[in-house]
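Everything below belongs to upload18.cif, which stores mmCIF, C-alpha atoms and all ligand atoms.
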```cif
data_model
#
loop_
_atom_site.group_PDB
_atom_site.id
_atom_site.type_symbol
_atom_site.label_atom_id
_atom_site.label_comp_id
_atom_site.auth_asym_id
_atom_site.auth_seq_id
_atom_site.Cartn_x
_atom_site.Cartn_y
_atom_site.Cartn_z
ATOM 1 C CA ALA A 91 119.749 127.543 95.419
ATOM 2 C CA ILE A 92 118.043 124.587 93.799
ATOM 3 C CA PRO A 93 120.112 122.844 91.121
ATOM 4 C CA LEU A 94 118.398 123.331 87.766
ATOM 5 C CA VAL A 95 118.064 119.617 87.071
ATOM 6 C CA VAL A 96 116.187 119.180 90.363
ATOM 7 C CA SER A 97 113.792 122.023 89.703
ATOM 8 C CA ILE A 98 113.023 120.732 86.201
ATOM 9 C CA SER A 99 112.516 117.219 87.528
ATOM 10 C CA THR A 100 110.200 118.398 90.274
ATOM 11 C CA SER A 101 107.913 120.151 87.855
ATOM 12 C CA ILE A 102 107.879 117.134 85.549
ATOM 13 C CA SER A 103 106.955 114.940 88.486
ATOM 14 C CA ALA A 104 103.561 116.598 88.865
ATOM 15 C CA ASN A 105 102.597 114.914 85.601
ATOM 16 C CA ASN A 106 103.611 111.550 87.036
ATOM 17 C CA GLY A 107 101.217 111.654 89.950
ATOM 18 C CA LEU A 108 103.773 113.111 92.351
ATOM 19 C CA LEU A 109 103.615 116.451 94.089
ATOM 20 C CA ILE A 110 106.955 117.109 95.751
ATOM 21 C CA ARG A 111 106.602 119.568 98.612
ATOM 22 C CA ASN A 112 110.008 119.174 100.177
ATOM 23 C CA ARG A 113 112.965 118.861 97.821
ATOM 24 C CA THR A 114 115.528 118.279 100.558
ATOM 25 C CA GLN A 115 113.677 115.200 101.755
ATOM 26 C CA PHE A 116 113.029 114.099 98.161
ATOM 27 C CA GLU A 117 116.792 113.843 97.721
ATOM 28 C CA LYS A 118 116.723 110.839 100.095
ATOM 29 C CA ALA A 119 114.320 108.904 97.852
ATOM 30 C CA ARG A 120 117.129 107.206 95.944
ATOM 31 C CA ASN A 121 118.484 105.592 99.136
ATOM 32 C CA ILE A 122 115.260 104.410 100.797
ATOM 33 C CA SER A 123 115.674 100.901 102.284
ATOM 34 C CA MET A 124 112.151 100.382 103.599
ATOM 35 C CA VAL A 125 108.670 101.634 102.826
ATOM 36 C CA VAL A 126 106.241 101.615 105.752
ATOM 37 C CA PHE A 127 102.605 101.661 104.673
ATOM 38 C CA ASP A 128 99.484 102.475 106.635
ATOM 39 C CA LYS A 129 96.750 99.940 105.816
ATOM 40 C CA THR A 130 93.347 101.598 105.724
ATOM 41 C CA GLY A 131 93.056 104.104 102.882
ATOM 42 C CA THR A 132 96.658 103.523 101.782
ATOM 43 C CA LEU A 133 97.128 99.856 100.771
ATOM 44 C CA THR A 134 93.352 99.479 100.831
ATOM 45 C CA GLU A 135 90.749 101.753 99.320
ATOM 46 C CA GLY A 136 89.506 102.932 102.709
ATOM 47 C CA LYS A 137 85.903 102.414 101.673
ATOM 48 C CA PHE A 138 84.133 100.192 104.151
ATOM 49 C CA GLY A 139 80.876 98.405 103.482
ATOM 50 C CA VAL A 140 78.916 96.716 106.274
ATOM 51 C CA THR A 141 79.060 92.936 105.744
ATOM 52 C CA GLY A 142 77.512 91.659 108.962
ATOM 53 C CA ILE A 143 75.550 92.652 112.024
ATOM 54 C CA ASN A 144 75.518 90.473 115.137
ATOM 55 C CA THR A 145 73.402 91.477 118.089
ATOM 56 C CA GLU A 146 73.525 90.305 121.687
ATOM 57 C CA ASP A 147 70.378 88.863 123.277
ATOM 58 C CA ASP A 148 68.527 89.454 120.024
ATOM 59 C CA TYR A 149 68.850 93.193 120.302
ATOM 60 C CA ASP A 150 67.168 94.718 117.249
ATOM 61 C CA GLU A 151 69.607 95.053 114.294
ATOM 62 C CA LYS A 152 67.968 98.187 112.917
ATOM 63 C CA GLU A 153 68.127 99.866 116.303
ATOM 64 C CA LEU A 154 71.809 98.945 116.604
ATOM 65 C CA ILE A 155 72.680 100.492 113.228
ATOM 66 C CA ARG A 156 70.483 103.531 113.877
ATOM 67 C CA LEU A 157 72.217 104.379 117.163
ATOM 68 C CA ALA A 158 75.700 103.546 115.866
ATOM 69 C CA ALA A 159 75.109 105.790 112.838
ATOM 70 C CA ALA A 160 74.022 108.640 115.113
ATOM 71 C CA VAL A 161 77.499 108.866 116.675
ATOM 72 C CA GLU A 162 79.400 107.897 113.526
ATOM 73 C CA LYS A 163 77.804 110.834 111.706
ATOM 74 C CA GLU A 164 80.233 113.000 113.712
ATOM 75 C CA SER A 165 83.325 111.009 112.717
ATOM 76 C CA GLU A 166 85.444 111.230 109.538
ATOM 77 C CA HIS A 167 86.810 107.694 109.824
ATOM 78 C CA PRO A 168 86.098 105.399 106.827
ATOM 79 C CA ILE A 169 84.392 102.984 109.254
ATOM 80 C CA ALA A 170 82.028 105.818 110.181
ATOM 81 C CA THR A 171 81.156 106.500 106.547
ATOM 82 C CA GLY A 172 80.378 102.799 106.027
ATOM 83 C CA ILE A 173 78.023 102.644 109.003
ATOM 84 C CA VAL A 174 76.203 105.888 108.138
ATOM 85 C CA GLU A 175 75.713 104.703 104.548
ATOM 86 C CA LYS A 176 74.306 101.424 105.815
ATOM 87 C CA ALA A 177 71.787 103.267 108.020
ATOM 88 C CA LYS A 178 70.757 105.445 105.084
ATOM 89 C CA SER A 179 70.328 102.422 102.810
ATOM 90 C CA MET A 180 68.020 100.912 105.460
ATOM 91 C CA ASP A 181 65.993 104.166 105.475
ATOM 92 C CA LEU A 182 66.604 104.655 109.173
ATOM 93 C CA ASP A 183 65.890 107.946 110.884
ATOM 94 C CA ILE A 184 69.284 108.839 112.368
ATOM 95 C CA PRO A 185 68.849 110.738 115.672
ATOM 96 C CA ASP A 186 70.925 113.772 116.672
ATOM 97 C CA VAL A 187 73.887 113.265 118.920
ATOM 98 C CA SER A 188 75.408 115.342 121.694
ATOM 99 C CA GLU A 189 78.522 115.076 123.891
ATOM 100 C CA PHE A 190 80.503 113.490 121.047
ATOM 101 C CA ASN A 191 83.906 112.272 122.083
ATOM 102 C CA SER A 192 86.559 110.134 120.395
ATOM 103 C CA PHE A 193 88.924 107.588 121.932
ATOM 104 C CA LYS A 194 91.962 107.964 119.715
ATOM 105 C CA GLY A 195 92.398 104.805 117.639
ATOM 106 C CA LYS A 196 89.797 102.952 119.693
ATOM 107 C CA GLY A 197 86.431 104.397 118.740
ATOM 108 C CA ILE A 198 83.933 107.080 119.586
ATOM 109 C CA GLU A 199 80.998 107.881 121.886
ATOM 110 C CA GLY A 200 78.031 110.240 122.136
ATOM 111 C CA MET A 201 74.540 110.698 123.587
ATOM 112 C CA ALA A 202 71.607 109.744 121.353
ATOM 113 C CA ASP A 203 67.993 109.044 122.387
ATOM 114 C CA GLY A 204 69.090 109.817 125.964
ATOM 115 C CA LYS A 205 71.585 106.933 125.970
ATOM 116 C CA ASN A 206 75.346 106.792 125.896
ATOM 117 C CA ILE A 207 76.404 105.075 122.670
ATOM 118 C CA LYS A 208 79.931 103.828 122.107
ATOM 119 C CA VAL A 209 81.304 102.286 118.902
ATOM 120 C CA VAL A 210 84.673 100.753 119.712
ATOM 121 C CA SER A 211 87.514 98.472 118.639
ATOM 122 C CA PRO A 212 88.177 94.899 119.840
ATOM 123 C CA GLY A 213 91.098 96.354 121.816
ATOM 124 C CA TYR A 214 88.696 98.570 123.775
ATOM 125 C CA LEU A 215 86.588 95.525 124.721
ATOM 126 C CA ARG A 216 89.678 93.640 125.925
ATOM 127 C CA GLU A 217 90.844 96.607 127.985
ATOM 128 C CA HIS A 218 87.464 96.864 129.693
ATOM 129 C CA ASP A 219 87.039 93.094 130.123
ATOM 130 C CA ILE A 220 83.897 92.999 128.043
ATOM 131 C CA ASP A 221 83.225 89.596 126.537
ATOM 132 C CA PHE A 222 81.518 89.134 123.220
ATOM 133 C CA GLN A 223 79.259 86.087 123.023
ATOM 134 C CA LYS A 224 78.967 85.520 119.295
ATOM 135 C CA GLU A 225 81.590 84.207 116.889
ATOM 136 C CA THR A 226 82.931 87.415 115.365
ATOM 137 C CA LYS A 227 86.221 87.523 117.230
ATOM 138 C CA GLU A 228 88.564 85.458 115.095
ATOM 139 C CA GLU A 229 87.397 86.567 111.678
ATOM 140 C CA ALA A 230 89.661 88.531 109.406
ATOM 141 C CA THR A 231 87.200 91.380 109.099
ATOM 142 C CA THR A 232 87.223 94.816 110.612
ATOM 143 C CA THR A 233 84.737 94.634 113.457
ATOM 144 C CA VAL A 234 83.483 97.364 115.759
ATOM 145 C CA TYR A 235 81.340 96.852 118.837
ATOM 146 C CA VAL A 236 78.331 98.894 119.934
ATOM 147 C CA LEU A 237 77.873 99.578 123.644
ATOM 148 C CA ILE A 238 74.633 101.127 124.851
ATOM 149 C CA ASP A 239 74.970 102.647 128.337
ATOM 150 C CA ASP A 240 78.156 100.591 128.562
ATOM 151 C CA LYS A 241 76.364 97.329 127.909
ATOM 152 C CA LEU A 242 77.386 95.394 124.805
ATOM 153 C CA ALA A 243 74.527 95.429 122.276
ATOM 154 C CA GLY A 244 76.212 93.999 119.188
ATOM 155 C CA ALA A 245 78.951 93.980 116.590
ATOM 156 C CA ILE A 246 79.207 95.421 113.112
ATOM 157 C CA SER A 247 81.617 93.840 110.596
ATOM 158 C CA LEU A 248 82.938 95.836 107.691
ATOM 159 C CA ALA A 249 85.037 95.019 104.659
ATOM 160 C CA ASP A 250 87.462 97.131 102.712
ATOM 161 C CA LYS A 251 89.305 96.215 99.488
ATOM 162 C CA ILE A 252 93.027 96.113 98.773
ATOM 163 C CA ARG A 253 93.795 98.646 96.046
ATOM 164 C CA PRO A 254 94.618 96.697 92.859
ATOM 165 C CA GLN A 255 97.785 98.808 92.400
ATOM 166 C CA SER A 256 99.117 97.775 95.821
ATOM 167 C CA TYR A 257 100.112 94.321 94.518
ATOM 168 C CA GLU A 258 102.287 95.747 91.740
ATOM 169 C CA ALA A 259 103.763 98.381 94.043
ATOM 170 C CA ILE A 260 104.989 95.790 96.559
ATOM 171 C CA LYS A 261 106.341 93.552 93.813
ATOM 172 C CA ALA A 262 108.295 96.417 92.225
ATOM 173 C CA LEU A 263 109.690 97.610 95.577
ATOM 174 C CA HIS A 264 110.871 94.087 96.372
ATOM 175 C CA LYS A 265 112.600 93.915 92.989
ATOM 176 C CA MET A 266 114.480 97.079 93.931
ATOM 177 C CA GLY A 267 115.547 95.398 97.181
ATOM 178 C CA ILE A 268 113.314 97.602 99.328
ATOM 179 C CA LYS A 269 111.493 96.103 102.336
ATOM 180 C CA CYS A 270 107.762 96.690 102.771
ATOM 181 C CA HIS A 271 106.205 96.995 106.210
ATOM 182 C CA MET A 272 102.680 97.875 107.401
ATOM 183 C CA LEU A 273 101.413 99.694 110.492
ATOM 184 C CA THR A 274 97.694 99.681 111.260
ATOM 185 C CA GLY A 275 95.235 100.465 114.019
ATOM 186 C CA ASP A 276 93.050 97.613 112.816
ATOM 187 C CA ASN A 277 92.950 94.168 114.452
ATOM 188 C CA ASN A 278 95.628 91.497 114.038
ATOM 189 C CA GLU A 279 93.589 89.053 111.921
ATOM 190 C CA THR A 280 92.643 91.637 109.303
ATOM 191 C CA ALA A 281 96.195 92.986 109.216
ATOM 192 C CA LYS A 282 97.616 89.477 108.820
ATOM 193 C CA LYS A 283 95.280 88.742 105.914
ATOM 194 C CA VAL A 284 96.301 91.916 104.058
ATOM 195 C CA SER A 285 99.986 91.324 104.808
ATOM 196 C CA GLU A 286 99.896 87.743 103.496
ATOM 197 C CA GLU A 287 97.862 88.695 100.462
ATOM 198 C CA LEU A 288 100.391 91.380 99.477
ATOM 199 C CA GLY A 289 103.498 89.482 100.590
ATOM 200 C CA LEU A 290 104.726 92.154 102.995
ATOM 201 C CA ASP A 291 107.932 91.677 104.986
ATOM 202 C CA GLY A 292 106.259 92.529 108.275
ATOM 203 C CA PHE A 293 103.373 94.299 109.966
ATOM 204 C CA GLU A 294 102.130 95.529 113.294
ATOM 205 C CA ALA A 295 98.436 95.715 114.195
ATOM 206 C CA GLU A 296 96.455 97.646 116.820
ATOM 207 C CA VAL A 297 99.045 100.392 116.724
ATOM 208 C CA LEU A 298 97.558 103.410 118.486
ATOM 209 C CA PRO A 299 97.802 106.757 116.647
ATOM 210 C CA ASP A 300 100.655 108.139 118.759
ATOM 211 C CA LYS A 301 102.610 104.880 118.432
ATOM 212 C CA LYS A 302 103.034 104.874 114.642
ATOM 213 C CA GLN A 303 105.697 107.551 114.985
ATOM 214 C CA THR A 304 107.533 105.529 117.662
ATOM 215 C CA LYS A 305 107.500 102.476 115.393
ATOM 216 C CA VAL A 306 109.021 104.430 112.492
ATOM 217 C CA LYS A 307 111.696 105.761 114.830
ATOM 218 C CA GLU A 308 112.548 102.246 116.011
ATOM 219 C CA LEU A 309 112.995 101.104 112.407
ATOM 220 C CA GLN A 310 115.271 104.089 111.726
ATOM 221 C CA GLU A 311 117.330 103.251 114.800
ATOM 222 C CA LYS A 312 117.808 99.778 113.334
ATOM 223 C CA GLY A 313 119.435 101.476 110.353
ATOM 224 C CA GLU A 314 116.543 101.684 107.902
ATOM 225 C CA LEU A 315 116.034 104.745 105.733
ATOM 226 C CA VAL A 316 112.257 104.912 105.908
ATOM 227 C CA ALA A 317 109.612 106.259 103.548
ATOM 228 C CA MET A 318 106.263 106.318 105.367
ATOM 229 C CA THR A 319 103.057 106.331 103.321
ATOM 230 C CA GLY A 320 99.717 107.195 104.918
ATOM 231 C CA ASP A 321 96.437 109.034 104.582
ATOM 232 C CA GLY A 322 95.027 109.589 108.043
ATOM 233 C CA VAL A 323 95.258 112.188 110.781
ATOM 234 C CA ASN A 324 96.761 109.364 112.844
ATOM 235 C CA ASP A 325 99.565 108.926 110.290
ATOM 236 C CA ALA A 326 100.766 112.555 110.382
ATOM 237 C CA PRO A 327 103.352 112.235 113.213
ATOM 238 C CA ALA A 328 104.808 109.130 111.528
ATOM 239 C CA LEU A 329 104.973 110.961 108.179
ATOM 240 C CA ALA A 330 106.918 113.731 109.899
ATOM 241 C CA GLN A 331 109.244 111.241 111.588
ATOM 242 C CA ALA A 332 110.063 109.308 108.400
ATOM 243 C CA ASP A 333 112.974 110.213 106.140
ATOM 244 C CA ILE A 334 110.346 110.829 103.476
ATOM 245 C CA GLY A 335 106.679 111.313 104.402
ATOM 246 C CA ILE A 336 104.326 110.391 101.561
ATOM 247 C CA ALA A 337 100.621 111.252 101.723
ATOM 248 C CA ILE A 338 97.829 109.658 99.713
ATOM 249 C CA GLY A 339 96.065 112.414 97.755
ATOM 250 C CA SER A 340 92.568 111.325 98.729
ATOM 251 C CA GLY A 341 93.533 111.327 102.414
ATOM 252 C CA THR A 342 93.117 113.947 105.124
ATOM 253 C CA ASP A 343 94.491 117.500 104.859
ATOM 254 C CA VAL A 344 96.565 116.929 107.991
ATOM 255 C CA ALA A 345 98.466 114.100 106.306
ATOM 256 C CA ALA A 346 99.006 116.128 103.107
ATOM 257 C CA GLU A 347 100.254 119.164 105.022
ATOM 258 C CA THR A 348 102.775 117.059 106.937
ATOM 259 C CA ALA A 349 104.053 115.072 103.964
ATOM 260 C CA ASP A 350 107.121 115.739 101.817
ATOM 261 C CA VAL A 351 105.447 114.195 98.786
ATOM 262 C CA ILE A 352 101.773 113.792 97.875
ATOM 263 C CA LEU A 353 100.559 110.967 95.629
ATOM 264 C CA VAL A 354 98.093 113.024 93.604
ATOM 265 C CA ASP A 355 96.324 110.009 92.067
ATOM 266 C CA SER A 356 96.239 108.078 95.375
ATOM 267 C CA ASN A 357 98.113 105.298 93.608
ATOM 268 C CA PRO A 358 100.573 103.336 95.802
ATOM 269 C CA GLN A 359 102.549 102.465 92.640
ATOM 270 C CA ASP A 360 103.659 106.082 92.541
ATOM 271 C CA VAL A 361 105.869 105.314 95.568
ATOM 272 C CA VAL A 362 107.897 103.252 93.103
ATOM 273 C CA THR A 363 107.828 106.117 90.604
ATOM 274 C CA LEU A 364 109.095 108.428 93.331
ATOM 275 C CA ILE A 365 112.077 106.252 94.210
ATOM 276 C CA ARG A 366 112.983 105.639 90.545
ATOM 277 C CA PHE A 367 112.633 109.316 89.915
ATOM 278 C CA GLY A 368 114.889 110.172 92.852
ATOM 279 C CA LYS A 369 117.554 107.829 91.511
ATOM 280 C CA ALA A 370 117.315 109.289 87.987
ATOM 281 C CA THR A 371 117.333 112.921 89.111
ATOM 282 C CA TYR A 372 120.446 112.770 91.249
ATOM 283 C CA ARG A 373 122.295 110.529 88.836
ATOM 284 C CA LYS A 374 122.086 113.411 86.339
ATOM 285 C CA MET A 375 123.576 115.834 88.854
ATOM 286 C CA VAL A 376 126.935 114.112 89.414
HETATM 287 P P1 LIG B 401 93.890 102.721 110.801
HETATM 288 O O1 LIG B 401 93.610 103.957 109.990
HETATM 289 O O2 LIG B 401 95.352 102.419 110.881
HETATM 290 O O3 LIG B 401 93.119 101.512 110.351
HETATM 291 P P2 LIG B 401 92.761 103.978 113.259
HETATM 292 O O4 LIG B 401 93.775 104.321 114.297
HETATM 293 O O5 LIG B 401 92.112 105.088 112.528
HETATM 294 O O6 LIG B 401 93.439 102.911 112.294
HETATM 295 O O7 LIG B 401 91.608 103.101 113.928
HETATM 296 C C1 LIG B 401 91.925 101.956 114.649
HETATM 297 C C2 LIG B 401 90.701 101.263 115.127
HETATM 298 O O8 LIG B 401 89.982 102.138 116.032
HETATM 299 C C3 LIG B 401 89.693 100.926 114.039
HETATM 300 O O9 LIG B 401 90.005 99.711 113.379
HETATM 301 C C4 LIG B 401 88.426 100.815 114.873
HETATM 302 O O10 LIG B 401 88.361 99.580 115.544
HETATM 303 C C5 LIG B 401 88.593 101.931 115.901
HETATM 304 N N1 LIG B 401 87.979 103.193 115.445
HETATM 305 C C6 LIG B 401 88.598 104.327 115.043
HETATM 306 N N2 LIG B 401 87.712 105.273 114.676
HETATM 307 C C7 LIG B 401 86.492 104.708 114.811
HETATM 308 C C8 LIG B 401 85.150 105.139 114.569
HETATM 309 N N3 LIG B 401 84.847 106.341 114.093
HETATM 310 N N4 LIG B 401 84.162 104.263 114.851
HETATM 311 C C9 LIG B 401 84.435 103.047 115.310
HETATM 312 N N5 LIG B 401 85.653 102.569 115.540
HETATM 313 C C10 LIG B 401 86.670 103.377 115.304
HETATM 314 MG MG MG B 402 94.638 105.115 107.069
#
```

Exercise: express the given structure as structure tokens:
Amino acid sequence: AIPLVVSISTSISANNGLLIRNRTQFEKARNISMVVFDKTGTLTEGKFGVTGINTEDDYDEKELIRLAAAVEKESEHPIATGIVEKAKSMDLDIPDVSEFNSFKGKGIEGMADGKNIKVVSPGYLREHDIDFQKETKEEATTTVYVLIDDKLAGAISLADKIRPQSYEAIKALHKMGIKCHMLTGDNNETAKKVSEELGLDGFEAEVLPDKKQTKVKELQEKGELVAMTGDGVNDAPALAQADIGIAIGSGTDVAAETADVILVDSNPQDVVTLIRFGKATYRKMV
């Protein structure tokens, strides 16, 4: 049986941007010691715009975007949306793709115009000992690399924005004595920039999808009571692992279905609301 005060509170919470799916887990909200955030789409808006194109050996920029967009059309990643929109804005004729395949947390590939096209992360290049000639490596931007028949053709840089509400959310959590940590599949430089900008207590970059869960578990083993907040398919196992899994409303269905709480307005500040609300609800019960 659900105590009356809890059931009333849960229905009220829907008006505060919170959808509580699992009341048992919600009960832990009042004791959370650390909030772990995903970066892309959670602390940031998850809307990427192309900010730079660098080609190798003067490979044609339009051709690079056209082929990259062909494979990205098959992907749901925010990076993919950014690249496809760029191709459309350049009025490029995006070819069809076959044999689409994704490398979890590292990129995608497919056949277009009879060539194998890969769009991959800096980590993928390092693993395959592929060297990039131009100066895009050290920048704090999200950069993906385009390989055509496994030969590097160029790099595409993209920028995302920190959600304005993320600043206030971190500040308020710190005031409550709660640590804020970030896990991201993105590169170290971009992660560091976001972490410094928001004043996070720690972060880990280039975390592969199946490793986010392991990281949450490690933090729990160190004694933290963890609320994990994420939006992506790659966040789902970590949301399940956390003491409270919180999904961003605008995120993927997989994340929402796994989460204990959904932030209906996709506002990271509602994590603070959730914890305050948990404290208030169970104070009334005793
Ligand atoms: P997160 O959501 O934490 O930023 P992901 O695990 O989704 O991370 O992605 C990690 C990295 O994998 C991206 O920063 C990018 O380099 C690469 N990647 C993932 N999906 C794609 C895609 N569709 N196209 C190109 N690169 C991708
Ligand atoms: Mg994400």

Which residues are near ligand LIG 401 (chain B) - at most 6 Å, using all atoms listed in the file? Format: as a CSV table (one decimal) with C-alpha atoms, in the frame of the given file.
```csv
chain,number,residue,atom,x,y,z
A,128,ASP,CA,99.5,102.5,106.6
A,129,LYS,CA,96.8,99.9,105.8
A,130,THR,CA,93.3,101.6,105.7
A,162,GLU,CA,79.4,107.9,113.5
A,165,SER,CA,83.3,111.0,112.7
A,167,HIS,CA,86.8,107.7,109.8
A,169,ILE,CA,84.4,103.0,109.3
A,170,ALA,CA,82.0,105.8,110.2
A,195,GLY,CA,92.4,104.8,117.6
A,196,LYS,CA,89.8,103.0,119.7
A,197,GLY,CA,86.4,104.4,118.7
A,198,ILE,CA,83.9,107.1,119.6
A,209,VAL,CA,81.3,102.3,118.9
A,210,VAL,CA,84.7,100.8,119.7
A,211,SER,CA,87.5,98.5,118.6
A,234,VAL,CA,83.5,97.4,115.8
A,274,THR,CA,97.7,99.7,111.3
A,275,GLY,CA,95.2,100.5,114.0
A,276,ASP,CA,93.0,97.6,112.8
A,298,LEU,CA,97.6,103.4,118.5
A,299,PRO,CA,97.8,106.8,116.6
```

Among the residues A:Ala245, A:Val354, A:Val174, A:Met272, the one that comes closest to ligand MG 402 (chain B) [using only C-alpha atoms and all ligand atoms]: A:Met272

Residues returned when the PyMOL selection byres (((chain A and resi 108-115) around 7) and not hetatm) runs on this file, as a VMD selection string: chain A and resid 100 103 to 104 106 to 107 116 to 118 333 to 334 350 to 354

Separation of CA of Glu146 in chain A from CA of Val284 in chain A in Å: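 Value for the CA of Val284 in chain A-CA of Glu146 in chain A distance: 28.8 Å.
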
Using all atoms listed in the file, which protein or nucleic acid residues are at most 10 Å from ligand MG 402 (chain B), as a PDB file with C-alpha atoms, in the frame of the given file?
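Result file follows (selection_31.pdb):
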```
ATOM      1  CA  PHE A 127     102.605 101.661 104.673  1.00  0.00           C
ATOM      2  CA  ASP A 128      99.484 102.475 106.635  1.00  0.00           C
ATOM      3  CA  LYS A 129      96.750  99.940 105.816  1.00  0.00           C
ATOM      4  CA  THR A 130      93.347 101.598 105.724  1.00  0.00           C
ATOM      5  CA  GLY A 131      93.056 104.104 102.882  1.00  0.00           C
ATOM      6  CA  THR A 132      96.658 103.523 101.782  1.00  0.00           C
ATOM      7  CA  LEU A 133      97.128  99.856 100.771  1.00  0.00           C
ATOM      8  CA  THR A 134      93.352  99.479 100.831  1.00  0.00           C
ATOM      9  CA  GLU A 135      90.749 101.753  99.320  1.00  0.00           C
ATOM     10  CA  GLY A 136      89.506 102.932 102.709  1.00  0.00           C
ATOM     11  CA  HIS A 167      86.810 107.694 109.824  1.00  0.00           C
ATOM     12  CA  PRO A 168      86.098 105.399 106.827  1.00  0.00           C
ATOM     13  CA  LEU A 273     101.413  99.694 110.492  1.00  0.00           C
ATOM     14  CA  THR A 274      97.694  99.681 111.260  1.00  0.00           C
ATOM     15  CA  GLY A 275      95.235 100.465 114.019  1.00  0.00           C
ATOM     16  CA  ASP A 276      93.050  97.613 112.816  1.00  0.00           C
ATOM     17  CA  THR A 319     103.057 106.331 103.321  1.00  0.00           C
ATOM     18  CA  GLY A 320      99.717 107.195 104.918  1.00  0.00           C
ATOM     19  CA  ASP A 321      96.437 109.034 104.582  1.00  0.00           C
ATOM     20  CA  GLY A 322      95.027 109.589 108.043  1.00  0.00           C
ATOM     21  CA  VAL A 323      95.258 112.188 110.781  1.00  0.00           C
ATOM     22  CA  ASN A 324      96.761 109.364 112.844  1.00  0.00           C
ATOM     23  CA  ASP A 325      99.565 108.926 110.290  1.00  0.00           C
ATOM     24  CA  ILE A 338      97.829 109.658  99.713  1.00  0.00           C
ATOM     25  CA  GLY A 341      93.533 111.327 102.414  1.00  0.00           C
ATOM     26  CA  THR A 342      93.117 113.947 105.124  1.00  0.00           C
ATOM     27  CA  ALA A 345      98.466 114.100 106.306  1.00  0.00           C
TER      28      ALA A 345
END
```

Best match for closeness to Asp147 in chain A among A:Val236, A:Ala160, A:Ala243, A:Met266, counting all atoms listed in the file: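 Between A:Val236, A:Ala160, A:Ala243, A:Met266, the residue approaching Asp147 in chain A most closely is A:Ala243.
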
Proximity to Asp186 in chain A - best of A:Ile173, A:Ala332, A:Ala158, A:Val140, only C-alpha atoms: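 Smallest separation from Asp186 in chain A among the options: A:Ala158.
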
Coordinates-based distance that separates CA of Val125 in chain A from CA of Ile336 in chain A (Å, one decimal): 9.9 Å

One-decimal distance in Å that lies between CA of Asp183 in chain A and CA of Gly139 in chain A: 19.2 Å

Surrounding residues of Lys241 in chain A excluding itself and chain neighbours under 6 positions, 12 Å, only C-alpha atoms, as a PyMOL selection string: chain A and resi 145-147+149+205-209+215+218-222+235

Chain and number of each residue from the PyMOL selection byres (((chain A and resi 287) around 12) and not hetatm), as number ranges by chain: A: 133-134, 251-254, 256-257, 260-261, 280-286, 288-291

Output of the PyMOL selection byres (((chain A and resi 361) around 9) and not hetatm), listed as a list in words: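 Taken over the shown coordinates, the PyMOL selection byres (((chain A and resi 361) around 9) and not hetatm) returns Leu108, Val125, Ala259, Leu263, Ala317, Thr319, Ile336, Leu353, Asn357, Pro358, Gln359, Asp360, Val362, Thr363, Leu364, Ile365 and Arg366 of chain A.
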
Who sits within 12 Å of Lys307 in chain A, all atoms listed in the file, same chain under 2 positions skipped, as a ChimeraX atom specification: /A:126,300-305,309-318,327-333
